[in-house]
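As stored in protein.cif (mmCIF, C-alpha atoms):
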data_final
#
loop_
_atom_site.label_atom_id
_atom_site.label_comp_id
_atom_site.auth_asym_id
_atom_site.auth_seq_id
_atom_site.Cartn_x
_atom_site.Cartn_y
_atom_site.Cartn_z
CA MET A 18 94.02 97.63 129.29
CA LYS A 19 91.30 96.71 126.79
CA LYS A 20 89.47 93.37 127.09
CA GLY A 21 90.80 92.32 123.65
CA ASP A 22 94.37 93.05 124.67
CA LEU A 23 93.89 91.16 127.94
CA ARG A 24 92.57 88.11 126.09
CA LYS A 25 95.56 88.21 123.74
CA LEU A 26 97.97 88.49 126.68
CA LEU A 27 96.30 85.56 128.48
CA SER A 28 96.45 83.48 125.30
CA VAL A 29 100.16 84.14 124.94
CA VAL A 30 100.79 83.24 128.60
CA PHE A 31 98.75 80.03 128.20
CA LEU A 32 100.70 78.97 125.11
CA LEU A 33 104.01 79.67 126.86
CA VAL A 34 102.97 77.58 129.88
CA LEU A 35 101.76 74.77 127.60
CA ALA A 36 105.03 74.81 125.69
CA PHE A 37 107.04 74.69 128.91
CA VAL A 38 105.02 71.72 130.28
CA SER A 39 105.30 69.82 126.98
CA PHE A 40 109.04 70.43 126.83
CA SER A 41 109.44 69.25 130.44
CA CYS A 42 107.48 66.05 129.81
CA PHE A 43 109.45 65.35 126.63
CA SER A 44 112.72 65.93 128.47
CA LYS A 45 111.73 63.54 131.27
CA SER A 46 110.68 60.88 128.77
CA GLU A 47 113.89 61.38 126.80
CA ASN A 48 115.99 61.16 129.96
CA LYS A 49 114.21 57.98 131.01
CA GLU A 50 114.88 56.47 127.58
CA GLU A 51 118.52 57.48 127.73
CA LYS A 52 118.82 55.87 131.16
CA THR A 53 117.29 52.62 129.89
CA THR A 54 119.61 52.50 126.90
CA ALA A 55 122.63 53.22 129.06
CA GLU A 56 121.73 50.33 131.35
CA THR A 57 121.56 47.95 128.40
CA THR A 58 124.96 48.74 126.93
CA THR A 59 127.20 48.71 129.98
CA ALA A 60 127.12 44.93 130.38
CA VAL A 61 129.74 44.39 127.68
CA GLU A 62 132.49 46.47 126.14
CA GLN A 63 131.22 49.86 125.01
CA GLY A 64 133.64 50.05 122.12
CA THR A 65 131.78 47.43 120.13
CA LYS A 66 128.62 49.48 119.52
CA THR A 67 129.70 50.77 116.11
CA GLY A 68 128.32 48.75 113.27
CA SER A 69 125.45 47.13 115.19
CA THR A 70 123.93 45.91 111.92
CA GLY A 71 125.69 42.60 112.52
CA LYS A 72 128.57 43.13 110.03
CA ASN A 73 131.09 44.19 112.64
CA VAL A 74 129.40 42.86 115.78
CA ILE A 75 126.80 40.30 116.76
CA VAL A 76 123.87 41.91 118.54
CA ILE A 77 122.14 39.64 121.05
CA GLY A 78 118.93 40.95 122.57
CA TYR A 79 117.08 39.93 125.72
CA THR A 80 115.00 41.28 128.57
CA SER A 81 115.62 40.84 132.28
CA SER A 82 113.31 41.35 135.23
CA GLN A 83 115.12 44.09 137.10
CA THR A 84 111.87 44.64 138.96
CA GLY A 85 108.84 42.51 139.78
CA LYS A 86 108.40 38.95 141.04
CA PHE A 87 111.21 37.39 138.98
CA ALA A 88 113.91 39.89 139.90
CA THR A 89 116.04 37.50 142.02
CA GLU A 90 116.25 34.66 139.49
CA SER A 91 116.51 36.99 136.52
CA ARG A 92 119.45 38.87 138.00
CA GLU A 93 121.49 35.67 138.24
CA GLN A 94 120.54 34.62 134.72
CA SER A 95 121.56 38.00 133.34
CA ASN A 96 124.83 37.92 135.29
CA GLY A 97 125.71 34.57 133.76
CA LEU A 98 124.95 35.75 130.24
CA GLN A 99 127.00 38.92 130.70
CA LEU A 100 129.94 36.90 132.04
CA TRP A 101 129.83 34.74 128.91
CA ALA A 102 129.85 37.87 126.72
CA ARG A 103 132.89 39.23 128.56
CA ASP A 104 134.73 35.94 128.09
CA VAL A 105 133.89 35.81 124.38
CA ASN A 106 134.93 39.40 123.77
CA ALA A 107 138.15 38.92 125.74
CA ASN A 108 139.02 36.27 123.14
CA GLY A 109 138.19 38.57 120.25
CA GLY A 110 134.60 37.49 119.70
CA ILE A 111 132.82 34.66 117.88
CA TYR A 112 134.49 33.38 114.71
CA VAL A 113 132.21 33.55 111.65
CA LYS A 114 133.72 31.53 108.81
CA ASP A 115 131.74 33.25 106.01
CA LEU A 116 133.18 36.60 107.09
CA GLY A 117 136.64 35.22 107.79
CA LYS A 118 136.89 37.01 111.14
CA LYS A 119 135.75 37.16 114.73
CA LEU A 120 132.87 39.43 115.67
CA LYS A 121 132.49 40.82 119.15
CA VAL A 122 129.21 40.47 121.02
CA VAL A 123 126.96 43.36 122.01
CA LEU A 124 124.24 42.57 124.53
CA LYS A 125 121.14 44.74 124.25
CA SER A 126 118.59 44.43 127.05
CA TYR A 127 115.67 46.13 128.77
CA ASP A 128 113.78 45.74 132.04
CA ASP A 129 110.64 43.71 131.33
CA GLU A 130 109.32 44.42 134.85
CA SER A 131 108.18 40.76 135.05
CA SER A 132 105.34 41.71 132.66
CA LYS A 133 104.19 39.55 129.72
CA ASP A 134 102.80 42.54 127.83
CA ARG A 135 106.04 44.45 128.22
CA VAL A 136 108.03 41.42 127.04
CA GLN A 137 106.18 41.36 123.72
CA GLN A 138 106.68 45.10 123.21
CA LEU A 139 110.39 44.88 124.02
CA TYR A 140 111.18 41.83 121.88
CA THR A 141 109.46 43.55 118.97
CA ARG A 142 111.67 46.56 119.66
CA LEU A 143 114.82 44.43 119.94
CA ILE A 144 114.12 42.93 116.53
CA ASN A 145 112.89 45.98 114.63
CA GLU A 146 114.72 48.91 116.21
CA ASP A 147 117.83 47.35 117.77
CA GLN A 148 118.33 44.92 114.88
CA ALA A 149 119.22 42.02 117.17
CA ASP A 150 120.75 39.11 115.29
CA PHE A 151 119.75 36.54 117.92
CA LEU A 152 117.72 36.55 121.12
CA ILE A 153 117.92 35.07 124.61
CA SER A 154 114.72 34.52 126.59
CA PRO A 155 113.61 36.37 129.73
CA TYR A 156 113.47 34.39 132.98
CA SER A 157 110.35 32.24 133.58
CA SER A 158 108.20 30.11 131.33
CA GLY A 159 105.37 32.63 131.20
CA LEU A 160 107.56 35.49 129.98
CA THR A 161 109.41 33.21 127.56
CA ALA A 162 106.11 32.04 126.08
CA SER A 163 105.25 35.69 125.38
CA ALA A 164 108.65 36.35 123.81
CA ALA A 165 108.41 33.21 121.66
CA VAL A 166 105.25 34.44 119.95
CA VAL A 167 107.19 37.48 118.70
CA THR A 168 110.49 35.81 117.81
CA GLU A 169 108.76 33.01 115.91
CA GLN A 170 106.74 35.55 113.93
CA TYR A 171 109.96 37.18 112.75
CA GLY A 172 111.87 33.92 112.23
CA LYS A 173 114.45 34.85 114.89
CA ILE A 174 116.25 32.25 116.99
CA LEU A 175 115.39 32.40 120.70
CA ILE A 176 117.56 30.47 123.15
CA ALA A 177 115.18 29.74 126.02
CA THR A 178 116.96 29.64 129.38
CA GLY A 179 115.12 29.96 132.67
CA ALA A 180 112.06 28.45 130.98
CA ALA A 181 111.13 24.82 131.67
CA SER A 182 107.49 24.58 130.59
CA ASP A 183 106.80 21.78 128.09
CA LYS A 184 103.79 23.72 126.80
CA ILE A 185 105.98 26.21 124.91
CA PHE A 186 107.28 23.35 122.77
CA SER A 187 103.87 21.91 121.91
CA LYS A 188 103.02 24.83 119.63
CA GLY A 189 105.12 23.82 116.65
CA TYR A 190 107.73 26.57 117.02
CA GLU A 191 110.80 26.16 114.80
CA TYR A 192 113.15 28.80 116.24
CA VAL A 193 112.90 28.29 120.02
CA TYR A 194 115.51 26.12 121.77
CA GLN A 195 115.37 25.10 125.44
CA VAL A 196 118.42 24.90 127.73
CA TYR A 197 116.65 23.62 130.88
CA THR A 198 115.35 20.13 131.58
CA PRO A 199 111.59 20.33 130.86
CA ALA A 200 109.07 20.88 133.65
CA SER A 201 107.58 17.42 133.16
CA ARG A 202 110.76 15.94 134.67
CA TYR A 203 111.33 18.39 137.55
CA LEU A 204 109.86 16.36 140.43
CA THR A 205 109.98 12.82 139.06
CA ASP A 206 113.32 12.22 140.81
CA VAL A 207 111.75 13.28 144.13
CA VAL A 208 109.11 10.58 143.68
CA ASP A 209 111.91 8.08 142.96
CA ILE A 210 113.70 9.15 146.17
CA LEU A 211 110.58 8.42 148.22
CA LYS A 212 110.14 5.06 146.57
CA GLN A 213 113.77 4.06 147.13
CA LYS A 214 114.63 5.72 150.44
CA ASP A 215 111.32 5.97 152.32
CA PRO A 216 108.95 3.19 151.16
CA LYS A 217 106.57 3.69 154.12
CA VAL A 218 105.39 6.97 152.55
CA LYS A 219 102.19 6.41 150.58
CA LYS A 220 100.42 9.79 150.67
CA ILE A 221 101.66 12.91 148.89
CA ALA A 222 100.37 16.49 148.86
CA ILE A 223 101.15 18.62 145.80
CA VAL A 224 100.58 22.37 146.24
CA TYR A 225 101.69 24.71 143.49
CA GLU A 226 101.60 28.25 142.18
CA ASN A 227 98.95 28.88 139.53
CA SER A 228 101.46 29.57 136.73
CA ASN A 229 102.32 27.79 133.47
CA PHE A 230 105.60 26.43 134.78
CA ALA A 231 104.44 25.25 138.21
CA LYS A 232 101.23 23.75 136.83
CA SER A 233 103.22 21.75 134.26
CA VAL A 234 105.55 20.45 136.98
CA ALA A 235 102.72 19.59 139.38
CA THR A 236 100.58 17.85 136.76
CA ALA A 237 103.50 15.69 135.59
CA ALA A 238 104.50 14.89 139.19
CA LYS A 239 100.95 13.79 140.06
CA LYS A 240 100.77 11.50 137.07
CA TYR A 241 104.20 10.01 137.81
CA ALA A 242 103.47 9.55 141.53
CA GLU A 243 100.19 7.77 140.88
CA LYS A 244 101.85 5.57 138.27
CA ASN A 245 104.35 4.55 140.96
CA GLY A 246 101.71 3.57 143.50
CA PHE A 247 101.43 6.77 145.57
CA LYS A 248 98.15 8.41 146.52
CA VAL A 249 98.01 12.16 145.87
CA VAL A 250 95.75 13.22 148.76
CA LEU A 251 95.90 16.95 148.00
CA PHE A 252 96.42 18.59 144.61
CA GLU A 253 95.76 22.31 144.84
CA SER A 254 97.06 25.58 143.43
CA TYR A 255 97.52 28.99 145.02
CA GLU A 256 97.55 32.36 143.30
CA PRO A 257 100.81 34.14 142.40
CA GLY A 258 101.74 36.65 145.08
CA THR A 259 100.33 34.55 147.94
CA THR A 260 102.04 35.44 151.23
CA ASP A 261 99.89 33.58 153.78
CA PHE A 262 99.82 29.79 153.42
CA THR A 263 98.00 29.07 156.68
CA SER A 264 94.88 27.63 155.02
CA MET A 265 96.99 25.54 152.64
CA ILE A 266 99.08 24.14 155.51
CA ASN A 267 95.87 23.27 157.41
CA LYS A 268 94.65 21.36 154.34
CA ILE A 269 97.96 19.48 154.17
CA LYS A 270 97.59 18.47 157.83
CA ALA A 271 94.00 17.36 157.30
CA SER A 272 94.94 15.29 154.22
CA GLY A 273 97.33 13.08 156.17
CA ALA A 274 100.10 13.69 153.62
CA GLN A 275 103.49 12.25 154.53
CA ALA A 276 105.37 14.23 151.89
CA VAL A 277 104.82 17.65 150.35
CA MET A 278 106.08 18.91 147.01
CA GLY A 279 105.34 21.82 144.72
CA GLY A 280 105.87 25.57 144.93
CA GLY A 281 106.44 27.96 142.06
CA HIS A 282 109.21 30.55 142.05
CA PHE A 283 111.61 32.03 144.57
CA THR A 284 109.48 34.41 146.64
CA ASP A 285 106.48 32.13 147.15
CA GLY A 286 108.67 29.03 147.59
CA GLU A 287 110.76 30.68 150.29
CA THR A 288 107.63 31.87 152.12
CA LEU A 289 105.98 28.44 151.88
CA ALA A 290 109.08 26.74 153.32
CA LYS A 291 109.27 29.23 156.20
CA GLN A 292 105.62 28.84 157.14
CA ILE A 293 105.74 25.03 156.95
CA ASN A 294 108.73 25.17 159.31
CA ASP A 295 106.93 27.57 161.66
CA ALA A 296 103.94 25.19 161.73
CA LYS A 297 106.30 22.27 162.57
CA LEU A 298 104.58 20.14 159.96
CA LYS A 299 105.20 16.44 160.64
CA ILE A 300 106.22 15.19 157.22
CA ASP A 301 109.00 12.98 155.89
CA LEU A 302 109.97 15.09 152.91
CA LEU A 303 109.50 18.67 151.69
CA SER A 304 110.54 19.43 148.13
CA ILE A 305 110.02 22.90 146.65
CA LEU A 306 110.65 24.30 143.19
CA VAL A 307 113.23 26.99 142.41
CA ALA A 308 113.74 28.61 145.84
CA PRO A 309 115.96 25.98 147.56
CA ALA A 310 118.36 25.96 144.62
CA LEU A 311 119.26 29.63 145.09
CA PRO A 312 121.96 30.65 147.60
CA GLU A 313 119.61 33.28 149.05
CA PHE A 314 117.37 30.49 150.39
CA SER A 315 119.76 30.04 153.33
CA GLU A 316 118.69 33.47 154.62
CA ILE A 317 115.59 31.92 156.22
CA GLY A 318 117.88 30.00 158.59
CA LYS A 319 116.59 26.83 160.24
CA ALA A 320 113.50 26.93 158.04
CA ALA A 321 115.78 25.92 155.14
CA LEU A 322 117.17 22.85 156.95
CA TYR A 323 116.32 19.52 155.27
CA VAL A 324 114.31 21.19 152.49
CA THR A 325 114.98 19.50 149.15
CA GLY A 326 114.45 20.77 145.64
CA PRO A 327 115.26 20.04 142.01
CA SER A 328 118.17 21.92 140.52
CA GLN A 329 119.19 22.29 136.91
CA TRP A 330 122.83 22.64 137.97
CA GLU A 331 124.98 23.03 141.08
CA SER A 332 128.36 24.64 141.69
CA LYS A 333 129.70 21.29 142.92
CA VAL A 334 129.13 19.43 139.63
CA LYS A 335 132.26 18.25 137.80
CA PHE A 336 131.44 18.86 134.13
CA SER A 337 134.64 19.40 132.14
CA LYS A 338 136.51 18.10 129.12
CA GLU A 339 138.02 15.37 131.30
CA THR A 340 134.66 14.09 132.61
CA THR A 341 132.86 14.14 129.24
CA PRO A 342 131.77 10.70 128.01
CA SER A 343 133.71 9.22 125.12
CA GLY A 344 132.42 10.29 121.73
CA TYR A 345 131.07 13.67 122.86
CA GLU A 346 132.58 17.12 122.40
CA PHE A 347 132.97 19.40 125.42
CA PHE A 348 132.50 23.07 124.55
CA GLY A 349 133.45 26.11 126.63
CA ILE A 350 134.92 26.45 130.12
CA SER A 351 134.63 23.81 132.85
CA ALA A 352 132.06 24.09 135.63
CA ALA A 353 134.88 24.71 138.13
CA ASP A 354 136.31 27.58 136.05
CA PHE A 355 132.84 29.08 135.65
CA VAL A 356 132.31 29.05 139.42
CA LYS A 357 135.70 30.69 139.95
CA GLU A 358 135.03 33.41 137.36
CA TYR A 359 131.52 34.09 138.64
CA LYS A 360 132.67 34.43 142.26
CA SER A 361 135.39 36.82 141.15
CA ALA A 362 132.96 38.92 139.11
CA TYR A 363 129.94 39.00 141.44
CA GLY A 364 131.20 37.98 144.87
CA ASN A 365 128.99 34.93 145.42
CA VAL A 366 128.66 31.30 144.37
CA PRO A 367 126.49 30.97 141.24
CA GLY A 368 123.19 29.08 141.22
CA TYR A 369 121.67 27.25 138.27
CA HIS A 370 120.04 30.40 136.91
CA ALA A 371 123.48 31.96 136.45
CA ALA A 372 124.87 28.79 134.88
CA GLY A 373 121.85 28.67 132.58
CA GLY A 374 122.50 32.25 131.44
CA TYR A 375 126.14 31.49 130.62
CA THR A 376 125.16 28.25 128.86
CA ALA A 377 122.59 30.04 126.69
CA GLY A 378 125.45 32.14 125.33
CA LEU A 379 127.66 29.07 124.84
CA VAL A 380 124.93 27.23 122.92
CA LEU A 381 124.42 30.17 120.59
CA GLN A 382 128.17 30.65 120.14
CA LYS A 383 128.65 26.98 119.25
CA ALA A 384 125.79 27.06 116.73
CA ILE A 385 127.14 30.20 115.03
CA GLU A 386 130.65 28.73 114.83
CA ASP A 387 129.34 25.42 113.46
CA ALA A 388 127.13 27.19 110.91
CA GLY A 389 129.93 29.59 109.94
CA THR A 390 127.38 32.33 109.35
CA LEU A 391 124.83 34.60 111.01
CA ASN A 392 122.08 33.28 108.75
CA SER A 393 119.22 32.20 111.02
CA GLU A 394 118.26 29.15 108.96
CA LYS A 395 121.81 27.78 108.96
CA VAL A 396 122.29 28.50 112.67
CA LYS A 397 118.96 26.73 113.25
CA ALA A 398 120.26 23.69 111.36
CA ALA A 399 123.36 23.68 113.58
CA LEU A 400 121.20 23.77 116.71
CA ASP A 401 119.14 20.84 115.42
CA LYS A 402 122.33 18.78 115.08
CA MET A 403 123.86 19.85 118.40
CA ASP A 404 124.82 17.04 120.78
CA ILE A 405 127.51 18.31 123.17
CA TYR A 406 128.57 18.67 126.79
CA THR A 407 129.11 22.02 128.50
CA LEU A 408 129.59 23.25 132.06
CA PHE A 409 125.82 22.68 132.32
CA GLY A 410 126.03 19.06 131.23
CA HIS A 411 124.57 17.36 128.16
CA ILE A 412 122.82 19.58 125.58
CA LYS A 413 120.64 18.12 122.81
CA PHE A 414 117.36 19.29 121.29
CA ASP A 415 114.24 17.45 120.18
CA THR A 416 113.77 17.72 116.41
CA GLY A 417 110.41 15.93 116.29
CA LYS A 418 106.96 16.78 117.59
CA TYR A 419 108.31 18.97 120.41
CA HIS A 420 110.93 20.70 118.33
CA GLY A 421 113.51 22.61 120.37
CA ARG A 422 112.69 20.95 123.71
CA GLN A 423 115.73 19.89 125.75
CA ILE A 424 116.28 16.12 125.75
CA GLY A 425 119.93 15.84 126.81
CA HIS A 426 120.22 17.65 130.12
CA THR A 427 119.32 15.96 133.42
CA MET A 428 118.72 17.44 136.88
CA VAL A 429 119.96 16.82 140.42
CA ILE A 430 118.13 16.98 143.75
CA ILE A 431 119.65 19.19 146.45
CA GLN A 432 119.04 19.40 150.19
CA TRP A 433 120.05 22.00 152.76
CA LEU A 434 122.07 20.26 155.49
CA ASN A 435 123.95 21.22 158.64
CA LYS A 436 127.70 21.17 157.99
CA ASP A 437 129.87 22.18 160.95
CA GLY A 438 127.11 24.38 162.32
CA ASN A 439 126.38 26.10 158.99
CA LEU A 440 123.73 25.55 156.35
CA SER A 441 125.17 23.89 153.26
CA LYS A 442 123.44 23.07 150.00
CA GLU A 443 124.39 19.52 148.97
CA ILE A 444 123.58 17.24 146.06
CA VAL A 445 121.74 14.17 147.39
CA TYR A 446 120.46 12.56 144.17
CA PRO A 447 121.39 10.79 141.94
CA GLU A 448 123.85 8.96 144.13
CA LYS A 449 126.62 8.99 141.51
CA ALA A 450 126.63 12.81 141.70
CA ALA A 451 125.85 13.10 145.43
CA THR A 452 127.99 15.17 147.78
CA ALA A 453 126.05 14.02 150.87
CA LYS A 454 123.39 11.52 151.98
CA ILE A 455 119.80 12.69 152.12
CA VAL A 456 118.27 13.28 155.57
CA ILE A 457 114.78 11.82 156.08
CA PRO A 458 112.44 12.69 157.73
CA TYR A 459 112.26 16.44 157.26
CA SER A 460 110.45 16.79 160.63
CA SER A 461 113.40 15.29 162.54
CA LYS A 462 114.68 18.86 163.00
CA PHE A 463 111.84 19.77 165.35
#
What is this structure when it is put down as structure tokens?
Amino acid sequence: MKKGDLRKLLSVVFLLVLAFVSFSCFSKSENKEEKTTAETTTAVEQGTKTGSTGKNVIVIGYTSSQTGKFATESREQSNGLQLWARDVNANGGIYVKDLGKKLKVVLKSYDDESSKDRVQQLYTRLINEDQADFLISPYSSGLTASAAVVTEQYGKILIATGAASDKIFSKGYEYVYQVYTPASRYLTDVVDILKQKDPKVKKIAIVYENSNFAKSVATAAKKYAEKNGFKVVLFESYEPGTTDFTSMINKIKASGAQAVMGGGHFTDGETLAKQINDAKLKIDLLSILVAPALPEFSEIGKAALYVTGPSQWESKVKFSKETTPSGYEFFGISAADFVKEYKSAYGNVPGYHAAGGYTAGLVLQKAIEDAGTLNSEKVKAALDKMDIYTLFGHIKFDTGKYHGRQIGHTMVIIQWLNKDGNLSKEIVYPEKAATAKIVIPYSSKF
């Protein structure tokens, strides 16, 4: 064979190999995309996909953290939202007066991988490619803050659930509406408990995750505690992903703190509680963010006993049409019916993240029905006027300097107690909502 012919043959072989590799990569990418899309459309009835421009259906977009640090909380939030969508579609959809008919809901979602950068990419995609009519936030204040930048730019309503940071609502956003009680009020009730139930406590340690949400909570708690005569003897953050709190616990011991509060999200909060228990820390009260409110917290066994924490909502609350104060409208299903439906659908008792997901859908549904249209400006006006009760409690939004911030909803404080030999999460504050009396001191279990 001549050298020229050999070169030609080798060139042909190279091109064929290159074509095969390119085709394989494209196929893998295409398959991955198809898998992602399939995951986002199975949450609600498949038959409603046709006409996703919003004329025949209402497309609601969101991201969930199927992977990464927020996976546990995000799963519950997404479950709650999907349950709401099923309920709405079972009743024919949301009635839109301008169209004279009900439109079914299509949920469109992607895995944000607990990544801020990915959140911005995906919310841009939900708006531009998926043509979402309205949007629900991801879980966590940090991810919601990233989503809000995008949704505000496009003038799209974002119902923020799973996001408590006050900072989001100090930026002058007009289209972001918060379901949760703001972070600035998360631990103030815990300070009140100490003042009322354990007046000998004077020294508090506040240790918190270095994140927007936890920092907002900790800063507000410090200010409130000092205003009420307490001395904050330790105020220190730890980095996200921390798994060894030995040095932090040693600092707490050295500070002489009689009560400890703080935390961040589920994984770090659970680990902090376990290691404080293992160290047999002699304190009167331990109150941690997020983790104690989730049912999974009981998996750490005795380490969960007597731990308290703020909760946006509990399965034992009694919100319903019958318990709603005079002069207010109750919208949606009762808390008891929600718990029953959720247990039937997912096999476990819902936590506040699940209730928050369902409520985000309810709030949007109510606003659309009140506005009688899918027009964002008119739905926005309906949200500004909203003052109702739901399974989550009172819902009302600030329309002033901190536009969209939640001002109606209030929280409860829970504690893990021993009931008939089993761990049971009980409401201990405020007393009018309590299902059990608080146990103090925390260290009495040792």
Hey, could you make a per-residue contact list for range 320-384 of chain A against range 273-296 of chain A with 9 Å as the cut-off, showing the nearest pair of atoms and its distance in Å to one decimal, counting all atoms listed in the file, sorted by chain and number, as CSV?
residue,atom,partner,partner_atom,distance
A:Ala320,CA,A:Lys291,CA,5.2
A:Ala321,CA,A:Ala290,CA,7.0
A:Val324,CA,A:Ala290,CA,7.7
A:Gly326,CA,A:Met278,CA,8.7
- Message: With distances taken over all atoms listed in the file, which residue among A:Ala353, A:Ile305, A:Ile144, A:Ala165 lies nearest Glu191 in chain A?
- Response: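 Among A:Ala353, A:Ile305, A:Ile144, A:Ala165, it is A:Ala165 that comes nearest to Glu191 in chain A.
If you look at CA of Ala384 in chain A and CA of Tyr203 in chain A, they are 26.8 Å away from each other.
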- Using the chain letters and residue numbers of this document, give as a ChimeraX atom specification the residues selected by the PyMOL selection byres ((chain A and resi 402-408) around 7). /A:336-337,341,345-352,398-401,409-413
- Give me, please, the distance in Å between CA of Asn106 in chain A and CA of Lys335 in chain A, quoted to one decimal.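 Interatomic distance here is 25.5 Å.
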- Within 7 Å of range 77-91 of chain A using all atoms listed in the file, minus same-chain residues under 2 positions, as a ChimeraX atom specification: /A:75,93-95,123-131,143,149-156,370
- Given the file shown, determine the residues that the PyMOL selection byres ((chain A and resi 220) around 7) selects; report them as a PyMOL selection string. chain A and resi 218-219+221-222+247-250+274-276
- Item | Residues matched by the PyMOL selection byres ((chain A and resi 188) around 10) as a list of chain:residue names | A:Val166, A:Asp183, A:Lys184, A:Ile185, A:Phe186, A:Ser187, A:Gly189, A:Tyr190, A:Glu191, A:Lys418, A:Tyr419, A:His420
Next, the residues of the selection above should be written as a PDB file, keeping the file's coordinate frame with C-alpha atoms.
ATOM      1  CA  VAL A 166     105.250  34.440 119.950  1.00  0.00           C
ATOM      2  CA  ASP A 183     106.800  21.780 128.090  1.00  0.00           C
ATOM      3  CA  LYS A 184     103.790  23.720 126.800  1.00  0.00           C
ATOM      4  CA  ILE A 185     105.980  26.210 124.910  1.00  0.00           C
ATOM      5  CA  PHE A 186     107.280  23.350 122.770  1.00  0.00           C
ATOM      6  CA  SER A 187     103.870  21.910 121.910  1.00  0.00           C
ATOM      7  CA  GLY A 189     105.120  23.820 116.650  1.00  0.00           C
ATOM      8  CA  TYR A 190     107.730  26.570 117.020  1.00  0.00           C
ATOM      9  CA  GLU A 191     110.800  26.160 114.800  1.00  0.00           C
ATOM     10  CA  LYS A 418     106.960  16.780 117.590  1.00  0.00           C
ATOM     11  CA  TYR A 419     108.310  18.970 120.410  1.00  0.00           C
ATOM     12  CA  HIS A 420     110.930  20.700 118.330  1.00  0.00           C
TER      13      HIS A 420
END
- Between CA of Lys118 in chain A and CA of Tyr194 in chain A, distance in Å (one decimal):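 Atom-to-atom, CA of Lys118 in chain A to CA of Tyr194 in chain A, that is 26.2 Å.
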- If you count all atoms listed in the file, which residues fall within 6 Å of Ile430 in chain A, apart from same-chain ones fewer than 6 positions away, as number ranges by chain? A: 326-328, 444-446
- Item | Within 12 Å of Asp209 in chain A using all atoms listed in the file, minus same-chain residues under 2 positions, as a count of residues only | 24
- Message: So, with only C-alpha atoms as the atoms that count, which of A:Thr390, A:Lys449, A:Leu306, A:Lys436 lies closest to Gly117 in chain A?
- Response: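 Among the listed residues, A:Thr390 lies closest to Gly117 in chain A.
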- What's the 8 Å shell around Val105 in chain A, counting all atoms listed in the file, without same-chain residues fewer than 4 positions away, as a PyMOL selection string? chain A and resi 101+109-111+121-122
- Item | Which of A:Lys442, A:Lys397, A:Lys217, A:Lys297 sits closest to Gly368 in chain A [using all atoms listed in the file] |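 Looking at the shortest contact to Gly368 in chain A, the residue is A:Lys442.
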- A:Ala181, A:Ala200, A:Ala162, A:Leu322 ranked by distance to Phe463 in chain A, top pick (using all atoms listed in the file): A:Leu322
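Counting all atoms listed in the file and comparing A:Thr161, A:Thr236, A:Asn227, A:Gln195, the residue that lies closest to Arg422 in chain A is A:Gln195.
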For range 231-239 of chain A of the block above, can you save N, CA, C and O atoms as a PDB file, in the first residue's frame?
ATOM      1  N   ALA A 231     -28.844  31.072  59.156  1.00  0.00           N
ATOM      2  CA  ALA A 231     -28.413  30.876  60.539  1.00  0.00           C
ATOM      3  C   ALA A 231     -27.822  32.151  61.136  1.00  0.00           C
ATOM      4  O   ALA A 231     -28.041  32.460  62.311  1.00  0.00           O
ATOM      5  N   LYS A 232     -27.083  32.898  60.328  1.00  0.00           N
ATOM      6  CA  LYS A 232     -26.497  34.143  60.822  1.00  0.00           C
ATOM      7  C   LYS A 232     -27.578  35.152  61.170  1.00  0.00           C
ATOM      8  O   LYS A 232     -27.490  35.862  62.184  1.00  0.00           O
ATOM      9  N   SER A 233     -28.626  35.223  60.348  1.00  0.00           N
ATOM     10  CA  SER A 233     -29.750  36.128  60.627  1.00  0.00           C
ATOM     11  C   SER A 233     -30.428  35.764  61.940  1.00  0.00           C
ATOM     12  O   SER A 233     -30.748  36.628  62.758  1.00  0.00           O
ATOM     13  N   VAL A 234     -30.661  34.454  62.133  1.00  0.00           N
ATOM     14  CA  VAL A 234     -31.300  33.970  63.363  1.00  0.00           C
ATOM     15  C   VAL A 234     -30.438  34.295  64.568  1.00  0.00           C
ATOM     16  O   VAL A 234     -30.917  34.827  65.585  1.00  0.00           O
ATOM     17  N   ALA A 235     -29.149  33.961  64.490  1.00  0.00           N
ATOM     18  CA  ALA A 235     -28.234  34.132  65.617  1.00  0.00           C
ATOM     19  C   ALA A 235     -28.074  35.602  65.996  1.00  0.00           C
ATOM     20  O   ALA A 235     -28.075  35.958  67.185  1.00  0.00           O
ATOM     21  N   THR A 236     -27.926  36.449  64.998  1.00  0.00           N
ATOM     22  CA  THR A 236     -27.748  37.884  65.256  1.00  0.00           C
ATOM     23  C   THR A 236     -28.970  38.476  65.956  1.00  0.00           C
ATOM     24  O   THR A 236     -28.852  39.241  66.919  1.00  0.00           O
ATOM     25  N   ALA A 237     -30.160  38.102  65.479  1.00  0.00           N
ATOM     26  CA  ALA A 237     -31.400  38.593  66.090  1.00  0.00           C
ATOM     27  C   ALA A 237     -31.566  38.046  67.508  1.00  0.00           C
ATOM     28  O   ALA A 237     -32.003  38.762  68.414  1.00  0.00           O
ATOM     29  N   ALA A 238     -31.205  36.772  67.707  1.00  0.00           N
ATOM     30  CA  ALA A 238     -31.322  36.155  69.033  1.00  0.00           C
ATOM     31  C   ALA A 238     -30.383  36.832  70.039  1.00  0.00           C
ATOM     32  O   ALA A 238     -30.755  37.064  71.195  1.00  0.00           O
ATOM     33  N   LYS A 239     -29.171  37.141  69.605  1.00  0.00           N
ATOM     34  CA  LYS A 239     -28.200  37.818  70.475  1.00  0.00           C
ATOM     35  C   LYS A 239     -28.723  39.175  70.914  1.00  0.00           C
ATOM     36  O   LYS A 239     -28.691  39.522  72.106  1.00  0.00           O
TER      37      LYS A 239
END
